[in-house]
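For reference, the structure discussed in these notes is given below.
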Amino acid sequence: MDHEEFLGALKALGGHAIPLSGGDEDEPKAAPTQDKAIQARVLLDVLPDLEHPNPFAPGMLVEQRPNYGNYRFPAQGHLAIVTRVYPPLLKNCGEDLASPASREDMVILCLVQRRWVEYAVESWRFQAYAGPIEG
C-alpha cells in the first residue's frame with residue numbers, strides 16, 4: 001500500500017484519529033459500520049512504522065548521525081560506547097503516535113572534557129562507528 005492508498009483508507013475510516021481514552025466528549029465518534037477490511041489493512045500496514053527496534057547492543061561503539069543532533073549530547077565528533085539498551089515501550093492509550101521515536105532507548109558513555117559522562121539518548125540519532133581503532 002503506497003502513501004496515497006493509505007491516505008484514502010484513512011479518509012474512509014473517518015479521516016481523523018479517535019482517542020481510546022481521555023478524549024474530548026464533543027469529538028465525533030467513528031461509525032460502528034465502517035468497513036473492517038479497510039481498518040484491518042490500515043492497521044497491518046502501519047505496524048512496521050510504529051516498531052523502531054534498537055539496532056545497537058551494549059559494548060558497541062557509536063557516533064552521532066550527521067544532521068541528527070541532540071541537545072543533550074555534545075557536538076558532533078564524540079564517540080561513545082553503548083552501556084544499556086531498553087526495550088520499546090508501548091504508548092499510553094490515546095497518546096499520539098505521530099512521533100514513535102521520541103523516547104530515549106539506550107544509554108551511552110563518552111569522554112567529555114576529561115570526564116566520563118552517560119547520556120540517555122534516542123538510538124535513531126546514532127550510527128555504528130566503523131572507523132579505525134588504535135592498536
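Ligands are numbered from 1 in the order shown, chains are lettered A, B, ... in the order of the C-alpha cells, and residues start at 1 in each chain.
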
Next on the checklist: Can you tell me which residues surround Glu104 of chain A at a distance of at most 6 Å, considering only C-alpha atoms, apart from same-chain residues fewer than 5 positions away, and format the answer as number ranges by chain?
Outcome noted: A: 120-122

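With only C-alpha atoms taken into account, the protein and nucleic acid residues at most 12 Å from Phe126 of chain A (excluding it and anything under 6 positions from it in its own chain) are Asn54, Pro55, Phe56, Met60, Leu61, Val62, Glu63, Gln64, Arg65, Pro66, Asn67, Tyr68, Gly69, Asn70, Phe73, Gln76, Gly77, His78, Leu79, Ala80, Ile81, Val82, Glu104, Asp105, Met106, Val107 and Ile108 of chain A.
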
Output for the residues just chosen: C-alpha atoms as a compact mmCIF listing (two decimals), in the first residue's frame:
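Everything below was put into result_1.txt:
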# COMPACT_ATOMS: atom_id res chain seq x y z
CA ASN A 54 17.18 -0.51 18.52
CA PRO A 55 19.97 -1.78 16.24
CA PHE A 56 22.64 -1.47 18.94
CA MET A 60 29.10 -1.23 20.51
CA LEU A 61 30.83 2.00 19.52
CA VAL A 62 28.50 4.64 18.10
CA GLU A 63 28.68 8.16 16.74
CA GLN A 64 26.01 10.74 16.14
CA ARG A 65 24.49 10.64 12.66
CA PRO A 66 25.18 13.78 10.61
CA ASN A 67 22.40 16.36 10.95
CA TYR A 68 20.63 14.40 13.72
CA GLY A 69 21.91 16.35 16.70
CA ASN A 70 20.59 16.02 20.21
CA PHE A 73 24.56 15.10 23.68
CA GLN A 76 29.44 16.14 16.53
CA GLY A 77 32.74 14.29 16.69
CA HIS A 78 32.39 12.44 20.00
CA LEU A 79 32.43 8.67 20.00
CA ALA A 80 30.50 6.76 22.62
CA ILE A 81 30.03 3.21 23.79
CA VAL A 82 26.56 1.77 24.37
CA GLU A 104 15.40 7.52 24.89
CA ASP A 105 16.04 3.81 24.32
CA MET A 106 19.72 3.45 25.14
CA VAL A 107 22.43 4.80 27.42
CA ILE A 108 25.84 5.72 26.06

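Here atom CA of Pro53 of chain A and atom CA of Tyr86 of chain A stand 9.9 Å from one another.
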